Amino acid sequence: MMPSSYLARFFTNVLASLQTLQCNPLTINPTASALHHRHIFYIPGTYQPSSGIGNDFAGTIMSSQLYVERLTPACSSPSKPSIILVHGASQLGTNFLNAPDGRPGYSDFFLNKGYTVYIVDQPFTGRSGAPVGKDKDVFVFTTEIASGLFSTVAPENSTLPKWPQQRLQTQWPGTGLQGDDFFDHYYASNHKWNVDQEQQEPIASAQLIKLINNIEGDVMLIAHSQGAPIAYKVVNQVGNRLKGLVLMDPLASVFEDSFIGYPLARPYPRKYSLTETELLFDPPVENVIEDLYLKKVRVGEDTPGKAGCWQQGEPVRQLVGLRDVPTLVVTAEAGWNAVYDHCTVGFMRQAGVEVEHLKLAEVGVRGNGHMFFLEENNWDSFEMIENWIGRL
């Protein structure tokens, strides 16, 4: 698919502006802030009627647009894929710009390695605008949720989930609590997000596909947490455009929509196994509840530090949209994904997906929680991911 006339002209102007940059790879410090050009644009959404305020200002507005930042390095490498970074729930693309204590983030690391980077705000979030008429399904993490899940151990009297590995977290800068400068700077970026994933998954994935179809050359899709189901949907439809898929602490386990011991009460959660909405299987799924969800089987026992897993019952179907795309699941030592990411990996392998499981602790990257790309040793986790990308 050729780029739209607008984006074609946009990228022509971007490339022209790069001529003013000077490049000397020998002087680059890979862990420092990167010399780059920054350009922003939008993937337009759909126009919808708006009632305005009371009886005033009624008219037409846009909804579901996608905010995009393109970061182009001074020393680019044409042989390397473009990187698209997709944030998780209640977060923004700013997650990948720098750490809360001011250190460079994953975007700088990729730029210093010669990759062009695209950072997005998911539709209905941040600079991509709020959902129209969806106030009841819009939510921002409280400081208690953010600290208790991301940066420290929740108090004993908290109703938030707890898991044994959580006490291994040592890499969050500062105390990880409200009132600490580093935490406050991080938490200020938390934003309302669309809890209705049956709406979010198809809209966000469709917008990302439009972005991918306007990028020349190979693309590497990297998604964190709640961004993972959206990434599955993207790969499901345009896997032939992708060099690979990286899932960093992907949201929830198979056929479940829960944090550890903290289920969200809904019938048939994640009924398509990894997503709320349709994925392509072979043999085809005609009735997802009868053909897939109700035929799932439990494997292994549940323990505090390691969950039992759901797998497919017979007949075992192949995830035809995902099986030809190299996939990496990255699991932090102290995040809640340490309890169940083996289930996601096992399910994907059963469904024919080429997936590698990178447990950071097993390669010497220790003490990380769910937001490991923001933590003090974020360069170490980045190196492991970039090494995998480089082998493809």
# chains A, B, ... in the order shown; residues from 1 in each chain; ligands from 1
call {"tool": "residues_around", "arguments": {"residues": "Pro81 (chain A)", "least_positions_apart": "3", "cutoff": "8 Å", "atoms": "only C-alpha atoms", "output": "list in words"}}
result
Pro78, Tyr115, Thr116, Gly217, Asp218, Val219, Met220 and Lys243 of chain A
call {"tool": "write_last_selection", "arguments": {"atoms": "all heavy atoms", "output": "PDB file, in the first residue's frame"}}
result
ATOM      1  N   PRO A  78      19.915   2.158   7.153  1.00  0.00           N
ATOM      2  CA  PRO A  78      18.825   1.721   6.283  1.00  0.00           C
ATOM      3  C   PRO A  78      18.504   0.241   6.407  1.00  0.00           C
ATOM      4  O   PRO A  78      17.386  -0.181   6.083  1.00  0.00           O
ATOM      5  CB  PRO A  78      19.348   2.048   4.880  1.00  0.00           C
ATOM      6  CG  PRO A  78      20.386   3.098   5.076  1.00  0.00           C
ATOM      7  CD  PRO A  78      21.017   2.782   6.400  1.00  0.00           C
ATOM      8  N   TYR A 115      18.173   3.142  14.589  1.00  0.00           N
ATOM      9  CA  TYR A 115      16.788   2.843  14.240  1.00  0.00           C
ATOM     10  C   TYR A 115      15.960   4.132  14.181  1.00  0.00           C
ATOM     11  O   TYR A 115      16.125   5.019  15.030  1.00  0.00           O
ATOM     12  CB  TYR A 115      16.143   1.938  15.288  1.00  0.00           C
ATOM     13  CG  TYR A 115      16.745   0.570  15.447  1.00  0.00           C
ATOM     14  CD1 TYR A 115      17.829   0.361  16.307  1.00  0.00           C
ATOM     15  CD2 TYR A 115      16.225  -0.528  14.770  1.00  0.00           C
ATOM     16  CE1 TYR A 115      18.376  -0.907  16.478  1.00  0.00           C
ATOM     17  CE2 TYR A 115      16.756  -1.798  14.937  1.00  0.00           C
ATOM     18  CZ  TYR A 115      17.837  -1.975  15.789  1.00  0.00           C
ATOM     19  OH  TYR A 115      18.376  -3.233  15.968  1.00  0.00           O
ATOM     20  N   THR A 116      15.060   4.210  13.227  1.00  0.00           N
ATOM     21  CA  THR A 116      14.019   5.228  13.255  1.00  0.00           C
ATOM     22  C   THR A 116      12.906   4.742  14.171  1.00  0.00           C
ATOM     23  O   THR A 116      12.511   3.570  14.125  1.00  0.00           O
ATOM     24  CB  THR A 116      13.467   5.487  11.844  1.00  0.00           C
ATOM     25  OG1 THR A 116      14.510   6.038  11.041  1.00  0.00           O
ATOM     26  CG2 THR A 116      12.287   6.450  11.877  1.00  0.00           C
ATOM     27  N   GLY A 217       9.912  -0.083   4.140  1.00  0.00           N
ATOM     28  CA  GLY A 217      10.854  -1.023   4.720  1.00  0.00           C
ATOM     29  C   GLY A 217      10.273  -1.818   5.867  1.00  0.00           C
ATOM     30  O   GLY A 217       9.071  -1.769   6.150  1.00  0.00           O
ATOM     31  N   ASP A 218      11.143  -2.566   6.539  1.00  0.00           N
ATOM     32  CA  ASP A 218      10.722  -3.450   7.621  1.00  0.00           C
ATOM     33  C   ASP A 218      10.269  -2.660   8.841  1.00  0.00           C
ATOM     34  O   ASP A 218      10.753  -1.554   9.096  1.00  0.00           O
ATOM     35  CB  ASP A 218      11.879  -4.372   8.041  1.00  0.00           C
ATOM     36  CG  ASP A 218      12.218  -5.396   6.965  1.00  0.00           C
ATOM     37  OD1 ASP A 218      11.318  -5.747   6.184  1.00  0.00           O
ATOM     38  OD2 ASP A 218      13.383  -5.816   6.910  1.00  0.00           O
ATOM     39  N   VAL A 219       9.362  -3.263   9.595  1.00  0.00           N
ATOM     40  CA  VAL A 219       8.831  -2.660  10.819  1.00  0.00           C
ATOM     41  C   VAL A 219       8.916  -3.669  11.951  1.00  0.00           C
ATOM     42  O   VAL A 219       8.587  -4.845  11.784  1.00  0.00           O
ATOM     43  CB  VAL A 219       7.366  -2.212  10.628  1.00  0.00           C
ATOM     44  CG1 VAL A 219       6.787  -1.694  11.944  1.00  0.00           C
ATOM     45  CG2 VAL A 219       7.264  -1.139   9.547  1.00  0.00           C
ATOM     46  N   MET A 220       9.379  -3.216  13.109  1.00  0.00           N
ATOM     47  CA  MET A 220       9.386  -4.019  14.335  1.00  0.00           C
ATOM     48  C   MET A 220       8.373  -3.404  15.290  1.00  0.00           C
ATOM     49  O   MET A 220       8.478  -2.222  15.634  1.00  0.00           O
ATOM     50  CB  MET A 220      10.781  -4.012  14.966  1.00  0.00           C
ATOM     51  CG  MET A 220      10.894  -4.746  16.291  1.00  0.00           C
ATOM     52  SD  MET A 220      10.653  -6.543  16.177  1.00  0.00           S
ATOM     53  CE  MET A 220      11.964  -6.980  15.024  1.00  0.00           C
ATOM     54  N   LYS A 243       8.857  -7.268  10.673  1.00  0.00           N
ATOM     55  CA  LYS A 243      10.082  -8.029  10.885  1.00  0.00           C
ATOM     56  C   LYS A 243       9.951  -8.923  12.109  1.00  0.00           C
ATOM     57  O   LYS A 243      10.512 -10.015  12.181  1.00  0.00           O
ATOM     58  CB  LYS A 243      11.244  -7.048  11.075  1.00  0.00           C
ATOM     59  CG  LYS A 243      12.593  -7.684  11.264  1.00  0.00           C
ATOM     60  CD  LYS A 243      13.208  -8.081   9.946  1.00  0.00           C
ATOM     61  CE  LYS A 243      14.676  -8.469  10.107  1.00  0.00           C
ATOM     62  NZ  LYS A 243      15.268  -8.883   8.830  1.00  0.00           N
TER      63      LYS A 243
END
call {"tool": "closest_atom_pairs", "arguments": {"of": "region 78-106 of chain A", "to": "region 200-216 of chain A", "cutoff": "10 Å", "atoms": "only C-alpha atoms", "output": "JSON lines"}}
result
{"residue": "A:Pro81", "atom": "CA", "partner": "A:Glu216", "partner_atom": "CA", "distance": 9.3}
{"residue": "A:Ser82", "atom": "CA", "partner": "A:Ile215", "partner_atom": "CA", "distance": 7.9}
{"residue": "A:Ile84", "atom": "CA", "partner": "A:Ile212", "partner_atom": "CA", "distance": 8.6}
{"residue": "A:Val86", "atom": "CA", "partner": "A:Leu208", "partner_atom": "CA", "distance": 9.4}
call {"tool": "atom_distance", "arguments": {"atom1": "CA of Leu328 (chain A)", "atom2": "CA of Asp380 (chain A)"}}
result
16.2 Å
call {"tool": "closest_residue", "arguments": {"among": "A:Val238, A:Met371, A:Leu292, A:Leu319", "to": "Pro250 (chain A)", "atoms": "only C-alpha atoms"}}
result
A:Met371
call {"tool": "select_by_dssp", "arguments": {"residues": "region 128-329 of chain A", "states": "strand (DSSP E or B)", "output": "PyMOL selection string"}}
result
chain A and resi 138-139+193-194+219-224+242-248+258-259+262-263+281-282+297-299+303+306+309-311+318-319+327-329
call {"tool": "decode", "arguments": {"residues": "region 253-345 of chain A", "atoms": "C-alpha atoms", "output": "compact mmCIF listing (two decimals), in the first residue's frame"}}
result
# COMPACT_ATOMS: atom_id res chain seq x y z
CA SER A 253 -2.88 -14.48 30.75
CA VAL A 254 -4.67 -16.66 28.23
CA PHE A 255 -8.48 -16.65 28.46
CA GLU A 256 -8.21 -14.44 31.55
CA ASP A 257 -8.60 -10.74 32.22
CA SER A 258 -7.05 -10.37 35.62
CA PHE A 259 -4.08 -9.27 37.59
CA ILE A 260 -2.91 -11.85 40.07
CA GLY A 261 -5.92 -12.81 42.18
CA TYR A 262 -7.66 -9.60 41.12
CA PRO A 263 -10.11 -10.66 38.40
CA LEU A 264 -12.31 -8.27 36.48
CA ALA A 265 -15.75 -9.87 36.71
CA ARG A 266 -16.96 -10.43 33.15
CA PRO A 267 -18.37 -13.45 31.35
CA TYR A 268 -15.98 -15.05 28.86
CA PRO A 269 -12.95 -12.78 29.41
CA ARG A 270 -10.43 -12.70 26.53
CA LYS A 271 -12.62 -15.12 24.66
CA TYR A 272 -10.28 -15.24 21.65
CA SER A 273 -7.53 -16.46 24.01
CA LEU A 274 -5.14 -13.49 23.73
CA THR A 275 -7.68 -10.79 22.84
CA GLU A 276 -11.27 -9.72 23.38
CA THR A 277 -11.92 -9.47 19.66
CA GLU A 278 -11.39 -11.72 16.67
CA LEU A 279 -8.15 -13.48 15.83
CA LEU A 280 -7.73 -15.79 12.84
CA PHE A 281 -7.48 -19.50 13.60
CA ASP A 282 -7.12 -22.60 11.44
CA PRO A 283 -9.43 -24.52 11.54
CA PRO A 284 -11.64 -21.41 11.59
CA VAL A 285 -13.57 -20.45 14.71
CA GLU A 286 -17.26 -20.14 13.89
CA ASN A 287 -18.64 -19.74 17.41
CA VAL A 288 -15.86 -18.47 19.65
CA ILE A 289 -17.55 -19.49 22.91
CA GLU A 290 -18.39 -23.04 21.83
CA ASP A 291 -15.44 -23.70 19.54
CA LEU A 292 -12.66 -22.13 21.60
CA TYR A 293 -13.49 -20.69 25.01
CA LEU A 294 -15.50 -23.59 26.45
CA LYS A 295 -13.03 -26.17 25.10
CA LYS A 296 -10.03 -24.77 26.92
CA VAL A 297 -8.20 -27.11 29.32
CA ARG A 298 -6.19 -26.35 32.47
CA VAL A 299 -2.57 -27.47 32.64
CA GLY A 300 -0.45 -27.35 35.78
CA GLU A 301 -1.25 -26.28 39.32
CA ASP A 302 -1.73 -22.76 40.63
CA THR A 303 0.91 -21.71 43.15
CA PRO A 304 1.54 -18.22 44.58
CA GLY A 305 4.53 -17.69 42.29
CA LYS A 306 3.49 -19.66 39.22
CA ALA A 307 0.03 -19.96 37.73
CA GLY A 308 -1.52 -22.96 36.06
CA CYS A 309 -2.29 -22.35 32.41
CA TRP A 310 -5.14 -22.54 29.96
CA GLN A 311 -4.43 -24.27 26.68
CA GLN A 312 -6.62 -25.27 23.77
CA GLY A 313 -8.63 -28.44 23.84
CA GLU A 314 -9.08 -30.54 20.73
CA PRO A 315 -8.95 -29.69 17.92
CA VAL A 316 -5.87 -27.54 18.46
CA ARG A 317 -6.12 -24.54 16.16
CA GLN A 318 -3.24 -22.59 14.66
CA LEU A 319 -3.00 -18.81 15.04
CA VAL A 320 -2.52 -18.33 11.33
CA GLY A 321 -2.06 -14.58 11.52
CA LEU A 322 0.72 -14.77 14.12
CA ARG A 323 2.57 -18.00 13.40
CA ASP A 324 4.93 -16.63 10.73
CA VAL A 325 6.07 -13.57 12.68
CA PRO A 326 9.07 -14.03 15.02
CA THR A 327 7.90 -13.08 18.50
CA LEU A 328 9.71 -12.28 21.73
CA VAL A 329 7.97 -12.23 25.11
CA VAL A 330 10.00 -10.28 27.68
CA THR A 331 9.30 -10.93 31.37
CA ALA A 332 10.64 -8.85 34.23
CA GLU A 333 11.81 -10.63 37.38
CA ALA A 334 9.56 -8.82 39.86
CA GLY A 335 6.48 -7.88 37.81
CA TRP A 336 3.25 -9.83 38.03
CA ASN A 337 3.89 -11.28 34.56
CA ALA A 338 6.52 -13.49 36.18
CA VAL A 339 3.59 -15.51 37.52
CA TYR A 340 1.95 -16.30 34.18
CA ASP A 341 3.93 -15.29 31.07
CA HIS A 342 4.91 -18.94 30.65
CA CYS A 343 1.20 -19.56 29.96
CA THR A 344 1.13 -17.00 27.16
CA VAL A 345 4.28 -18.48 25.63
